[in-house]
>>> print(open('target20.cif').read())   # mmCIF, N, CA and C atoms and all ligand atoms
data_my_file
loop_
_atom_site.label_atom_id
_atom_site.label_comp_id
_atom_site.auth_asym_id
_atom_site.auth_seq_id
_atom_site.Cartn_x
_atom_site.Cartn_y
_atom_site.Cartn_z
N MET A 1164 0.84 -1.20 0.00
CA MET A 1164 0.00 0.00 0.00
C MET A 1164 0.88 1.25 0.00
N THR A 1165 0.51 2.18 -0.83
CA THR A 1165 1.27 3.43 -0.89
C THR A 1165 0.69 4.47 0.06
N ILE A 1166 1.58 5.12 0.78
CA ILE A 1166 1.17 6.19 1.68
C ILE A 1166 1.32 7.51 0.92
N SER A 1167 0.26 8.27 0.85
CA SER A 1167 0.38 9.56 0.15
C SER A 1167 0.31 10.71 1.15
N ILE A 1168 1.30 11.56 1.01
CA ILE A 1168 1.47 12.66 1.96
C ILE A 1168 1.53 13.97 1.19
N LEU A 1169 0.96 14.99 1.77
CA LEU A 1169 1.14 16.34 1.22
C LEU A 1169 1.90 17.16 2.25
N CYS A 1170 3.00 17.75 1.83
CA CYS A 1170 3.83 18.56 2.71
C CYS A 1170 3.63 20.03 2.35
N ILE A 1171 3.07 20.80 3.28
CA ILE A 1171 2.80 22.21 3.03
C ILE A 1171 3.76 23.05 3.87
N ASP A 1172 4.62 23.77 3.20
CA ASP A 1172 5.57 24.64 3.91
C ASP A 1172 6.12 25.64 2.90
N ASP A 1173 6.21 26.89 3.31
CA ASP A 1173 6.71 27.90 2.37
C ASP A 1173 8.23 27.82 2.21
N SER A 1174 8.90 27.11 3.11
CA SER A 1174 10.36 26.99 3.01
C SER A 1174 10.75 25.70 2.30
N ARG A 1175 11.50 25.87 1.21
CA ARG A 1175 11.92 24.70 0.45
C ARG A 1175 12.86 23.83 1.29
N VAL A 1176 13.69 24.51 2.10
CA VAL A 1176 14.63 23.79 2.97
C VAL A 1176 13.84 22.94 3.98
N SER A 1177 12.81 23.55 4.58
CA SER A 1177 11.98 22.79 5.52
C SER A 1177 11.34 21.60 4.85
N ARG A 1178 10.81 21.81 3.65
CA ARG A 1178 10.16 20.70 2.94
C ARG A 1178 11.14 19.56 2.69
N THR A 1179 12.36 19.94 2.34
CA THR A 1179 13.38 18.92 2.10
C THR A 1179 13.66 18.11 3.37
N PHE A 1180 13.78 18.82 4.50
CA PHE A 1180 14.04 18.13 5.77
C PHE A 1180 12.87 17.24 6.18
N ILE A 1181 11.67 17.75 5.98
CA ILE A 1181 10.48 16.97 6.35
C ILE A 1181 10.41 15.70 5.50
N LYS A 1182 10.65 15.86 4.20
CA LYS A 1182 10.61 14.68 3.31
C LYS A 1182 11.67 13.67 3.72
N LYS A 1183 12.87 14.19 4.01
CA LYS A 1183 13.97 13.30 4.41
C LYS A 1183 13.59 12.54 5.68
N GLY A 1184 13.00 13.25 6.63
CA GLY A 1184 12.60 12.65 7.90
C GLY A 1184 11.55 11.57 7.68
N LEU A 1185 10.57 11.87 6.84
CA LEU A 1185 9.49 10.90 6.61
C LEU A 1185 10.02 9.66 5.91
N LYS A 1186 11.04 9.87 5.06
CA LYS A 1186 11.61 8.72 4.35
C LYS A 1186 12.38 7.79 5.28
N THR A 1187 12.75 8.29 6.46
CA THR A 1187 13.40 7.39 7.43
C THR A 1187 12.36 6.59 8.22
N ILE A 1188 11.11 7.01 8.14
CA ILE A 1188 10.04 6.30 8.88
C ILE A 1188 9.33 5.30 7.98
N PHE A 1189 9.06 5.74 6.75
CA PHE A 1189 8.34 4.88 5.81
C PHE A 1189 9.30 4.28 4.79
N ASN A 1190 8.91 3.17 4.24
CA ASN A 1190 9.66 2.60 3.11
C ASN A 1190 9.48 3.52 1.91
N GLU A 1191 10.59 4.02 1.39
CA GLU A 1191 10.54 5.02 0.33
C GLU A 1191 9.78 4.53 -0.91
N ASN A 1192 9.81 3.23 -1.15
CA ASN A 1192 9.13 2.69 -2.33
C ASN A 1192 7.61 2.78 -2.21
N ASN A 1193 7.14 2.90 -0.97
CA ASN A 1193 5.69 2.94 -0.74
C ASN A 1193 5.21 4.33 -0.38
N LEU A 1194 6.01 5.32 -0.75
CA LEU A 1194 5.74 6.67 -0.27
C LEU A 1194 5.61 7.65 -1.43
N THR A 1195 4.53 8.42 -1.43
CA THR A 1195 4.40 9.51 -2.40
C THR A 1195 4.26 10.80 -1.60
N ILE A 1196 5.19 11.70 -1.79
CA ILE A 1196 5.10 12.97 -1.07
C ILE A 1196 4.93 14.11 -2.08
N GLU A 1197 3.77 14.74 -2.02
CA GLU A 1197 3.56 15.92 -2.84
C GLU A 1197 3.87 17.14 -1.98
N GLU A 1198 4.18 18.23 -2.66
CA GLU A 1198 4.56 19.44 -1.93
C GLU A 1198 3.74 20.64 -2.36
N ALA A 1199 3.48 21.51 -1.39
CA ALA A 1199 2.87 22.80 -1.71
C ALA A 1199 3.66 23.88 -0.97
N SER A 1200 4.04 24.92 -1.69
CA SER A 1200 4.82 25.99 -1.07
C SER A 1200 3.93 27.10 -0.52
N ASN A 1201 2.62 26.98 -0.77
CA ASN A 1201 1.69 27.95 -0.18
C ASN A 1201 0.33 27.29 0.04
N ALA A 1202 -0.43 27.91 0.92
CA ALA A 1202 -1.69 27.29 1.35
C ALA A 1202 -2.76 27.32 0.25
N PHE A 1203 -2.64 28.25 -0.69
CA PHE A 1203 -3.64 28.32 -1.77
C PHE A 1203 -3.52 27.10 -2.68
N ASP A 1204 -2.28 26.78 -3.09
CA ASP A 1204 -2.07 25.57 -3.89
C ASP A 1204 -2.54 24.35 -3.11
N ALA A 1205 -2.19 24.33 -1.82
CA ALA A 1205 -2.54 23.19 -0.98
C ALA A 1205 -4.05 22.98 -0.91
N LEU A 1206 -4.77 24.09 -0.87
CA LEU A 1206 -6.22 24.03 -0.80
C LEU A 1206 -6.79 23.34 -2.05
N ASP A 1207 -6.28 23.74 -3.20
CA ASP A 1207 -6.69 23.09 -4.46
C ASP A 1207 -6.41 21.59 -4.42
N MET A 1208 -5.20 21.26 -3.94
CA MET A 1208 -4.79 19.85 -3.91
C MET A 1208 -5.69 19.05 -2.96
N CYS A 1209 -6.05 19.67 -1.84
CA CYS A 1209 -6.87 19.00 -0.82
C CYS A 1209 -8.30 18.79 -1.28
N GLN A 1210 -8.76 19.65 -2.18
CA GLN A 1210 -10.13 19.52 -2.67
C GLN A 1210 -10.26 18.36 -3.64
N ASN A 1211 -9.15 17.99 -4.25
CA ASN A 1211 -9.18 16.96 -5.28
C ASN A 1211 -8.74 15.59 -4.81
N LYS A 1212 -8.16 15.53 -3.62
CA LYS A 1212 -7.56 14.27 -3.19
C LYS A 1212 -7.53 14.19 -1.68
N THR A 1213 -7.82 12.99 -1.16
CA THR A 1213 -7.65 12.78 0.28
C THR A 1213 -6.32 12.09 0.51
N TYR A 1214 -5.46 12.76 1.24
CA TYR A 1214 -4.13 12.21 1.53
C TYR A 1214 -4.19 11.34 2.77
N ASP A 1215 -3.21 10.45 2.90
CA ASP A 1215 -3.16 9.68 4.15
C ASP A 1215 -2.92 10.64 5.32
N PHE A 1216 -2.01 11.59 5.08
CA PHE A 1216 -1.92 12.71 6.01
C PHE A 1216 -1.18 13.87 5.36
N ILE A 1217 -1.30 15.00 6.03
CA ILE A 1217 -0.71 16.24 5.52
C ILE A 1217 0.16 16.82 6.62
N THR A 1218 1.34 17.33 6.26
CA THR A 1218 2.10 18.11 7.24
C THR A 1218 1.90 19.59 6.90
N LEU A 1219 1.65 20.36 7.92
CA LEU A 1219 1.30 21.77 7.71
C LEU A 1219 2.17 22.70 8.54
N ASP A 1220 2.80 23.63 7.86
CA ASP A 1220 3.54 24.72 8.51
C ASP A 1220 2.52 25.76 8.99
N LEU A 1221 2.85 26.47 10.06
CA LEU A 1221 1.91 27.51 10.52
C LEU A 1221 2.26 28.88 9.96
N THR A 1222 3.56 29.18 9.94
CA THR A 1222 3.98 30.52 9.53
C THR A 1222 4.25 30.56 8.04
N MET A 1223 3.28 31.09 7.31
CA MET A 1223 3.40 31.22 5.85
C MET A 1223 2.77 32.55 5.45
N PRO A 1224 3.32 33.20 4.42
CA PRO A 1224 2.73 34.46 3.97
C PRO A 1224 1.38 34.23 3.29
N ASP A 1225 0.59 35.26 3.20
CA ASP A 1225 -0.71 35.28 2.49
C ASP A 1225 -1.79 34.45 3.18
N MET A 1226 -1.59 33.16 3.31
CA MET A 1226 -2.53 32.35 4.09
C MET A 1226 -1.69 31.49 5.03
N ASN A 1227 -1.85 31.70 6.34
CA ASN A 1227 -1.03 30.91 7.27
C ASN A 1227 -1.73 29.59 7.60
N GLY A 1228 -1.08 28.80 8.43
CA GLY A 1228 -1.60 27.48 8.75
C GLY A 1228 -2.95 27.53 9.46
N TYR A 1229 -3.12 28.51 10.32
CA TYR A 1229 -4.41 28.65 11.04
C TYR A 1229 -5.53 28.94 10.04
N GLU A 1230 -5.23 29.85 9.13
CA GLU A 1230 -6.25 30.21 8.12
C GLU A 1230 -6.55 29.03 7.21
N PHE A 1231 -5.53 28.27 6.91
CA PHE A 1231 -5.71 27.08 6.08
C PHE A 1231 -6.65 26.09 6.78
N LEU A 1232 -6.40 25.83 8.06
CA LEU A 1232 -7.25 24.91 8.82
C LEU A 1232 -8.68 25.44 8.91
N THR A 1233 -8.80 26.73 9.13
CA THR A 1233 -10.13 27.34 9.20
C THR A 1233 -10.88 27.17 7.89
N THR A 1234 -10.18 27.36 6.78
CA THR A 1234 -10.81 27.23 5.46
C THR A 1234 -11.26 25.79 5.20
N LEU A 1235 -10.42 24.83 5.56
CA LEU A 1235 -10.80 23.42 5.37
C LEU A 1235 -12.06 23.11 6.17
N LYS A 1236 -12.07 23.62 7.39
CA LYS A 1236 -13.21 23.36 8.27
C LYS A 1236 -14.48 23.96 7.67
N LYS A 1237 -14.37 25.19 7.18
CA LYS A 1237 -15.51 25.89 6.59
C LYS A 1237 -16.04 25.14 5.37
N LYS A 1238 -15.12 24.60 4.58
CA LYS A 1238 -15.51 23.89 3.35
C LYS A 1238 -15.82 22.42 3.63
N ASP A 1239 -15.70 22.02 4.89
CA ASP A 1239 -15.95 20.65 5.30
C ASP A 1239 -15.08 19.63 4.53
N ILE A 1240 -13.81 20.01 4.34
CA ILE A 1240 -12.85 19.11 3.70
C ILE A 1240 -12.12 18.36 4.82
N LYS A 1241 -12.23 17.03 4.78
CA LYS A 1241 -11.64 16.24 5.87
C LYS A 1241 -10.27 15.69 5.45
N GLN A 1242 -9.26 16.06 6.17
CA GLN A 1242 -7.91 15.55 5.95
C GLN A 1242 -7.26 15.37 7.32
N LYS A 1243 -6.34 14.41 7.41
CA LYS A 1243 -5.58 14.27 8.66
C LYS A 1243 -4.37 15.19 8.57
N ILE A 1244 -4.29 16.12 9.48
CA ILE A 1244 -3.24 17.13 9.38
C ILE A 1244 -2.36 17.15 10.62
N ILE A 1245 -1.06 17.04 10.37
CA ILE A 1245 -0.08 17.16 11.44
C ILE A 1245 0.60 18.51 11.28
N VAL A 1246 0.42 19.36 12.26
CA VAL A 1246 1.05 20.67 12.22
C VAL A 1246 2.51 20.52 12.66
N LEU A 1247 3.40 21.05 11.84
CA LEU A 1247 4.83 21.06 12.17
C LEU A 1247 5.26 22.51 12.26
N THR A 1248 5.69 22.91 13.44
CA THR A 1248 6.04 24.31 13.59
C THR A 1248 7.29 24.50 14.41
N GLY A 1249 8.04 25.53 14.08
CA GLY A 1249 9.25 25.85 14.83
C GLY A 1249 8.93 26.46 16.18
N ASP A 1250 7.75 27.07 16.27
CA ASP A 1250 7.46 27.72 17.55
C ASP A 1250 6.36 26.97 18.30
N ILE A 1251 6.83 26.22 19.29
CA ILE A 1251 5.91 25.37 20.05
C ILE A 1251 5.35 26.16 21.22
N GLN A 1252 4.07 26.42 21.16
CA GLN A 1252 3.42 27.12 22.26
C GLN A 1252 2.13 26.37 22.59
N PRO A 1253 1.86 26.25 23.91
CA PRO A 1253 0.65 25.53 24.31
C PRO A 1253 -0.61 26.11 23.67
N LEU A 1254 -0.67 27.44 23.55
CA LEU A 1254 -1.88 28.06 22.99
C LEU A 1254 -2.03 27.70 21.51
N ALA A 1255 -0.90 27.70 20.79
CA ALA A 1255 -0.94 27.36 19.36
C ALA A 1255 -1.44 25.94 19.19
N LYS A 1256 -0.95 25.05 20.04
CA LYS A 1256 -1.36 23.65 19.96
C LYS A 1256 -2.86 23.52 20.19
N LYS A 1257 -3.33 24.18 21.22
CA LYS A 1257 -4.76 24.14 21.55
C LYS A 1257 -5.58 24.67 20.37
N THR A 1258 -5.12 25.77 19.80
CA THR A 1258 -5.85 26.40 18.70
C THR A 1258 -5.94 25.49 17.48
N VAL A 1259 -4.81 24.91 17.08
CA VAL A 1259 -4.84 24.07 15.86
C VAL A 1259 -5.67 22.80 16.08
N MET A 1260 -5.62 22.27 17.31
CA MET A 1260 -6.41 21.07 17.58
C MET A 1260 -7.91 21.40 17.51
N GLU A 1261 -8.26 22.58 18.01
CA GLU A 1261 -9.66 23.01 17.92
C GLU A 1261 -10.08 23.24 16.47
N LEU A 1262 -9.11 23.61 15.63
CA LEU A 1262 -9.41 23.84 14.22
C LEU A 1262 -9.41 22.54 13.41
N GLY A 1263 -9.17 21.42 14.08
CA GLY A 1263 -9.31 20.14 13.40
C GLY A 1263 -8.03 19.42 13.06
N ALA A 1264 -6.89 19.93 13.51
CA ALA A 1264 -5.63 19.21 13.25
C ALA A 1264 -5.61 17.90 14.04
N SER A 1265 -4.89 16.91 13.51
CA SER A 1265 -4.79 15.61 14.18
C SER A 1265 -3.63 15.57 15.17
N GLY A 1266 -2.67 16.46 15.00
CA GLY A 1266 -1.52 16.45 15.89
C GLY A 1266 -0.64 17.65 15.65
N TYR A 1267 0.35 17.78 16.52
CA TYR A 1267 1.17 18.98 16.53
C TYR A 1267 2.56 18.59 17.02
N LEU A 1268 3.58 18.85 16.21
CA LEU A 1268 4.95 18.53 16.60
C LEU A 1268 5.87 19.70 16.28
N GLY A 1269 6.98 19.77 17.02
CA GLY A 1269 7.98 20.78 16.73
C GLY A 1269 8.72 20.45 15.45
N LYS A 1270 9.31 21.46 14.87
CA LYS A 1270 10.05 21.29 13.62
C LYS A 1270 11.48 21.69 13.87
N PRO A 1271 12.52 20.94 13.56
CA PRO A 1271 12.42 19.63 12.90
C PRO A 1271 11.88 18.57 13.85
N PHE A 1272 11.08 17.65 13.30
CA PHE A 1272 10.49 16.64 14.17
C PHE A 1272 11.47 15.51 14.45
N GLU A 1273 11.28 14.87 15.60
CA GLU A 1273 12.07 13.68 15.91
C GLU A 1273 11.22 12.46 15.58
N ASN A 1274 11.90 11.38 15.21
CA ASN A 1274 11.15 10.21 14.74
C ASN A 1274 10.23 9.61 15.79
N GLU A 1275 10.71 9.56 17.03
CA GLU A 1275 9.94 8.85 18.06
C GLU A 1275 8.55 9.48 18.28
N PRO A 1276 8.48 10.79 18.54
CA PRO A 1276 7.14 11.38 18.69
C PRO A 1276 6.32 11.33 17.40
N MET A 1277 6.98 11.42 16.24
CA MET A 1277 6.24 11.35 14.98
C MET A 1277 5.62 9.96 14.81
N ILE A 1278 6.38 8.92 15.10
CA ILE A 1278 5.87 7.55 14.96
C ILE A 1278 4.72 7.32 15.94
N LYS A 1279 4.89 7.83 17.15
CA LYS A 1279 3.85 7.71 18.17
C LYS A 1279 2.55 8.37 17.68
N LEU A 1280 2.70 9.55 17.11
CA LEU A 1280 1.53 10.28 16.61
C LEU A 1280 0.90 9.57 15.41
N LEU A 1281 1.74 9.06 14.51
CA LEU A 1281 1.22 8.35 13.33
C LEU A 1281 0.44 7.10 13.74
N LYS A 1282 0.91 6.47 14.81
CA LYS A 1282 0.18 5.29 15.34
C LYS A 1282 -1.14 5.74 15.94
N LYS A 1283 -1.09 6.82 16.68
CA LYS A 1283 -2.28 7.32 17.37
C LYS A 1283 -3.39 7.68 16.38
N ILE A 1284 -3.00 8.24 15.23
CA ILE A 1284 -4.04 8.65 14.27
C ILE A 1284 -4.29 7.60 13.19
N GLY A 1285 -3.69 6.42 13.40
CA GLY A 1285 -4.05 5.28 12.56
C GLY A 1285 -3.38 5.21 11.20
N ILE A 1286 -2.22 5.86 11.06
CA ILE A 1286 -1.50 5.80 9.78
C ILE A 1286 -0.62 4.56 9.72
N ILE A 1287 0.01 4.25 10.84
CA ILE A 1287 0.88 3.06 10.89
C ILE A 1287 0.49 2.18 12.07
MG MG A 1301 7.04 28.93 7.23
#
>>> encode(input="target20.cif", output="structure tokens")
Amino acid sequence: MTISILCIDDSRVSRTFIKKGLKTIFNENNLTIEEASNAFDALDMCQNKTYDFITLDLTMPDMNGYEFLTTLKKKDIKQKIIVLTGDIQPLAKKTVMELGASGYLGKPFENEPMIKLLKKIGII
């Protein structure tokens, strides 16, 4: 079975690190990782396809991660979303979970908490 992931982050460097990290968790042959450098592109992609899960950056120009989650909720688009952010704050975590995110991890993520979260939300 192929796992399909959408990585949303305005930083190309971050996307590269996230992809590299995910490839250490999943078998690369069974992994498809699509990328979006902004939330508008991501929104289009989410409307056309349900991913196994999505990684979402919070700090992005034009439409940030909170606004992206709010828009998905408004449009009733269901996706499993793991927020990956450099700035870990209890309030941010509470907010994104209320907006429908499945989980929240610091960036760069460590494998152990990521695997734990992926198990919790039924990906692995
Ligand atoms: Mg960013």
>>> residues_near_ligand(input="target20.cif", ligand="ligand MG 1301 (chain A)", cutoff="7 Å", atoms="all atoms listed in the file", output="list of chain:residue names")
A:Asp1172, A:Asp1173, A:Ser1174, A:Asp1220, A:Leu1221, A:Thr1222, A:Met1223, A:Pro1224
>>> residues_around(input="target20.cif", residues="segment 1253-1260 of chain A", least_positions_apart="4", cutoff="9 Å", atoms="only C-alpha atoms", output="count of residues only")
9
>>> select_by_dssp(input="target20.cif", residues="chain A", states="alpha helix (DSSP H)", output="mmCIF file with N, CA and C atoms, in the coordinates of the input")
data_model
loop_
_atom_site.group_PDB
_atom_site.id
_atom_site.type_symbol
_atom_site.label_atom_id
_atom_site.label_comp_id
_atom_site.auth_asym_id
_atom_site.auth_seq_id
_atom_site.Cartn_x
_atom_site.Cartn_y
_atom_site.Cartn_z
ATOM 1 N N ARG A 1175 11.500 25.870 1.210
ATOM 2 C CA ARG A 1175 11.920 24.700 0.450
ATOM 3 C C ARG A 1175 12.860 23.830 1.290
ATOM 4 N N VAL A 1176 13.690 24.510 2.100
ATOM 5 C CA VAL A 1176 14.630 23.790 2.970
ATOM 6 C C VAL A 1176 13.840 22.940 3.980
ATOM 7 N N SER A 1177 12.810 23.550 4.580
ATOM 8 C CA SER A 1177 11.980 22.790 5.520
ATOM 9 C C SER A 1177 11.340 21.600 4.850
ATOM 10 N N ARG A 1178 10.810 21.810 3.650
ATOM 11 C CA ARG A 1178 10.160 20.700 2.940
ATOM 12 C C ARG A 1178 11.140 19.560 2.690
ATOM 13 N N THR A 1179 12.360 19.940 2.340
ATOM 14 C CA THR A 1179 13.380 18.920 2.100
ATOM 15 C C THR A 1179 13.660 18.110 3.370
ATOM 16 N N PHE A 1180 13.780 18.820 4.500
ATOM 17 C CA PHE A 1180 14.040 18.130 5.770
ATOM 18 C C PHE A 1180 12.870 17.240 6.180
ATOM 19 N N ILE A 1181 11.670 17.750 5.980
ATOM 20 C CA ILE A 1181 10.480 16.970 6.350
ATOM 21 C C ILE A 1181 10.410 15.700 5.500
ATOM 22 N N LYS A 1182 10.650 15.860 4.200
ATOM 23 C CA LYS A 1182 10.610 14.680 3.310
ATOM 24 C C LYS A 1182 11.670 13.670 3.720
ATOM 25 N N LYS A 1183 12.870 14.190 4.010
ATOM 26 C CA LYS A 1183 13.970 13.300 4.410
ATOM 27 C C LYS A 1183 13.590 12.540 5.680
ATOM 28 N N GLY A 1184 13.000 13.250 6.630
ATOM 29 C CA GLY A 1184 12.600 12.650 7.900
ATOM 30 C C GLY A 1184 11.550 11.570 7.680
ATOM 31 N N LEU A 1185 10.570 11.870 6.840
ATOM 32 C CA LEU A 1185 9.490 10.900 6.610
ATOM 33 C C LEU A 1185 10.020 9.660 5.910
ATOM 34 N N LYS A 1186 11.040 9.870 5.060
ATOM 35 C CA LYS A 1186 11.610 8.720 4.350
ATOM 36 C C LYS A 1186 12.380 7.790 5.280
ATOM 37 N N THR A 1187 12.750 8.290 6.460
ATOM 38 C CA THR A 1187 13.400 7.390 7.430
ATOM 39 C C THR A 1187 12.360 6.590 8.220
ATOM 40 N N ILE A 1188 11.110 7.010 8.140
ATOM 41 C CA ILE A 1188 10.040 6.300 8.880
ATOM 42 C C ILE A 1188 9.330 5.300 7.980
ATOM 43 N N ALA A 1202 -0.430 27.910 0.920
ATOM 44 C CA ALA A 1202 -1.690 27.290 1.350
ATOM 45 C C ALA A 1202 -2.760 27.320 0.250
ATOM 46 N N PHE A 1203 -2.640 28.250 -0.690
ATOM 47 C CA PHE A 1203 -3.640 28.320 -1.770
ATOM 48 C C PHE A 1203 -3.520 27.100 -2.680
ATOM 49 N N ASP A 1204 -2.280 26.780 -3.090
ATOM 50 C CA ASP A 1204 -2.070 25.570 -3.890
ATOM 51 C C ASP A 1204 -2.540 24.350 -3.110
ATOM 52 N N ALA A 1205 -2.190 24.330 -1.820
ATOM 53 C CA ALA A 1205 -2.540 23.190 -0.980
ATOM 54 C C ALA A 1205 -4.050 22.980 -0.910
ATOM 55 N N LEU A 1206 -4.770 24.090 -0.870
ATOM 56 C CA LEU A 1206 -6.220 24.030 -0.800
ATOM 57 C C LEU A 1206 -6.790 23.340 -2.050
ATOM 58 N N ASP A 1207 -6.280 23.740 -3.200
ATOM 59 C CA ASP A 1207 -6.690 23.090 -4.460
ATOM 60 C C ASP A 1207 -6.410 21.590 -4.420
ATOM 61 N N MET A 1208 -5.200 21.260 -3.940
ATOM 62 C CA MET A 1208 -4.790 19.850 -3.910
ATOM 63 C C MET A 1208 -5.690 19.050 -2.960
ATOM 64 N N CYS A 1209 -6.050 19.670 -1.840
ATOM 65 C CA CYS A 1209 -6.870 19.000 -0.820
ATOM 66 C C CYS A 1209 -8.300 18.790 -1.280
ATOM 67 N N GLN A 1210 -8.760 19.650 -2.180
ATOM 68 C CA GLN A 1210 -10.130 19.520 -2.670
ATOM 69 C C GLN A 1210 -10.260 18.360 -3.640
ATOM 70 N N ASN A 1211 -9.150 17.990 -4.250
ATOM 71 C CA ASN A 1211 -9.180 16.960 -5.280
ATOM 72 C C ASN A 1211 -8.740 15.590 -4.810
ATOM 73 N N GLY A 1228 -1.080 28.800 8.430
ATOM 74 C CA GLY A 1228 -1.600 27.480 8.750
ATOM 75 C C GLY A 1228 -2.950 27.530 9.460
ATOM 76 N N TYR A 1229 -3.120 28.510 10.320
ATOM 77 C CA TYR A 1229 -4.410 28.650 11.040
ATOM 78 C C TYR A 1229 -5.530 28.940 10.040
ATOM 79 N N GLU A 1230 -5.230 29.850 9.130
ATOM 80 C CA GLU A 1230 -6.250 30.210 8.120
ATOM 81 C C GLU A 1230 -6.550 29.030 7.210
ATOM 82 N N PHE A 1231 -5.530 28.270 6.910
ATOM 83 C CA PHE A 1231 -5.710 27.080 6.080
ATOM 84 C C PHE A 1231 -6.650 26.090 6.780
ATOM 85 N N LEU A 1232 -6.400 25.830 8.060
ATOM 86 C CA LEU A 1232 -7.250 24.910 8.820
ATOM 87 C C LEU A 1232 -8.680 25.440 8.910
ATOM 88 N N THR A 1233 -8.800 26.730 9.130
ATOM 89 C CA THR A 1233 -10.130 27.340 9.200
ATOM 90 C C THR A 1233 -10.880 27.170 7.890
ATOM 91 N N THR A 1234 -10.180 27.360 6.780
ATOM 92 C CA THR A 1234 -10.810 27.230 5.460
ATOM 93 C C THR A 1234 -11.260 25.790 5.200
ATOM 94 N N LEU A 1235 -10.420 24.830 5.560
ATOM 95 C CA LEU A 1235 -10.800 23.420 5.370
ATOM 96 C C LEU A 1235 -12.060 23.110 6.170
ATOM 97 N N LYS A 1236 -12.070 23.620 7.390
ATOM 98 C CA LYS A 1236 -13.210 23.360 8.270
ATOM 99 C C LYS A 1236 -14.480 23.960 7.670
ATOM 100 N N LYS A 1237 -14.370 25.190 7.180
ATOM 101 C CA LYS A 1237 -15.510 25.890 6.590
ATOM 102 C C LYS A 1237 -16.040 25.140 5.370
ATOM 103 N N LYS A 1238 -15.120 24.600 4.580
ATOM 104 C CA LYS A 1238 -15.510 23.890 3.350
ATOM 105 C C LYS A 1238 -15.820 22.420 3.630
ATOM 106 N N PRO A 1253 1.860 26.250 23.910
ATOM 107 C CA PRO A 1253 0.650 25.530 24.310
ATOM 108 C C PRO A 1253 -0.610 26.110 23.670
ATOM 109 N N LEU A 1254 -0.670 27.440 23.550
ATOM 110 C CA LEU A 1254 -1.880 28.060 22.990
ATOM 111 C C LEU A 1254 -2.030 27.700 21.510
ATOM 112 N N ALA A 1255 -0.900 27.700 20.790
ATOM 113 C CA ALA A 1255 -0.940 27.360 19.360
ATOM 114 C C ALA A 1255 -1.440 25.940 19.190
ATOM 115 N N LYS A 1256 -0.950 25.050 20.040
ATOM 116 C CA LYS A 1256 -1.360 23.650 19.960
ATOM 117 C C LYS A 1256 -2.860 23.520 20.190
ATOM 118 N N LYS A 1257 -3.330 24.180 21.220
ATOM 119 C CA LYS A 1257 -4.760 24.140 21.550
ATOM 120 C C LYS A 1257 -5.580 24.670 20.370
ATOM 121 N N THR A 1258 -5.120 25.770 19.800
ATOM 122 C CA THR A 1258 -5.850 26.400 18.700
ATOM 123 C C THR A 1258 -5.940 25.490 17.480
ATOM 124 N N VAL A 1259 -4.810 24.910 17.080
ATOM 125 C CA VAL A 1259 -4.840 24.070 15.860
ATOM 126 C C VAL A 1259 -5.670 22.800 16.080
ATOM 127 N N MET A 1260 -5.620 22.270 17.310
ATOM 128 C CA MET A 1260 -6.410 21.070 17.580
ATOM 129 C C MET A 1260 -7.910 21.400 17.510
ATOM 130 N N GLU A 1261 -8.260 22.580 18.010
ATOM 131 C CA GLU A 1261 -9.660 23.010 17.920
ATOM 132 C C GLU A 1261 -10.080 23.240 16.470
ATOM 133 N N ASN A 1274 11.900 11.380 15.210
ATOM 134 C CA ASN A 1274 11.150 10.210 14.740
ATOM 135 C C ASN A 1274 10.230 9.610 15.790
ATOM 136 N N GLU A 1275 10.710 9.560 17.030
ATOM 137 C CA GLU A 1275 9.940 8.850 18.060
ATOM 138 C C GLU A 1275 8.550 9.480 18.280
ATOM 139 N N PRO A 1276 8.480 10.790 18.540
ATOM 140 C CA PRO A 1276 7.140 11.380 18.690
ATOM 141 C C PRO A 1276 6.320 11.330 17.400
ATOM 142 N N MET A 1277 6.980 11.420 16.240
ATOM 143 C CA MET A 1277 6.240 11.350 14.980
ATOM 144 C C MET A 1277 5.620 9.960 14.810
ATOM 145 N N ILE A 1278 6.380 8.920 15.100
ATOM 146 C CA ILE A 1278 5.870 7.550 14.960
ATOM 147 C C ILE A 1278 4.720 7.320 15.940
ATOM 148 N N LYS A 1279 4.890 7.830 17.150
ATOM 149 C CA LYS A 1279 3.850 7.710 18.170
ATOM 150 C C LYS A 1279 2.550 8.370 17.680
ATOM 151 N N LEU A 1280 2.700 9.550 17.110
ATOM 152 C CA LEU A 1280 1.530 10.280 16.610
ATOM 153 C C LEU A 1280 0.900 9.570 15.410
ATOM 154 N N LEU A 1281 1.740 9.060 14.510
ATOM 155 C CA LEU A 1281 1.220 8.350 13.330
ATOM 156 C C LEU A 1281 0.440 7.100 13.740
ATOM 157 N N LYS A 1282 0.910 6.470 14.810
ATOM 158 C CA LYS A 1282 0.180 5.290 15.340
ATOM 159 C C LYS A 1282 -1.140 5.740 15.940
ATOM 160 N N LYS A 1283 -1.090 6.820 16.680
ATOM 161 C CA LYS A 1283 -2.280 7.320 17.370
ATOM 162 C C LYS A 1283 -3.390 7.680 16.380
#
>>> closest_residue(input="target20.cif", among="A:Lys1238, A:Glu1275, A:Lys1186, A:Lys1243", to="Asp1215 of chain A", atoms="only N, CA and C atoms")
A:Lys1243
>>> atom_distance(input="target20.cif", atom1="atom CA of Leu1194 of chain A", atom2="atom CA of Ile1240 of chain A")
22.7 Å
>>> closest_residue(input="target20.cif", among="A:Ile1287, A:Leu1185, A:Met1226, A:Leu1247", to="Phe1203 of chain A", atoms="all atoms listed in the file")
A:Met1226
>>> residues_near_point(input="target20.cif", point="(-11.1, 21.1, -2.2)", cutoff="8 Å", atoms="only N, CA and C atoms", output="ChimeraX atom specification")
/A:1205-1212,1235,1238-1240
>>> atom_distance(input="target20.cif", atom1="atom CA of Leu1219 of chain A", atom2="atom CA of Thr1233 of chain A")
12.8 Å
>>> residues_around(input="target20.cif", residues="Thr1165 of chain A", least_positions_apart="5", cutoff="7 Å", atoms="only N, CA and C atoms", output="list in words")
Asn1192, Asn1193, Leu1194 and Thr1195 of chain A
>>> closest_residue(input="target20.cif", among="A:Glu1191, A:Ser1167, A:Glu1273, A:Val1176", to="Gln1242 of chain A", atoms="only C-alpha atoms")
A:Ser1167
>>> residues_around(input="target20.cif", residues="Thr1218 of chain A", least_positions_apart="2", cutoff="8 Å", atoms="only C-alpha atoms", output="list of chain:residue names")
A:Ile1168, A:Leu1169, A:Cys1170, A:Ile1171, A:Phe1216, A:Asp1220, A:Ile1244, A:Ile1245, A:Val1246, A:Leu1247
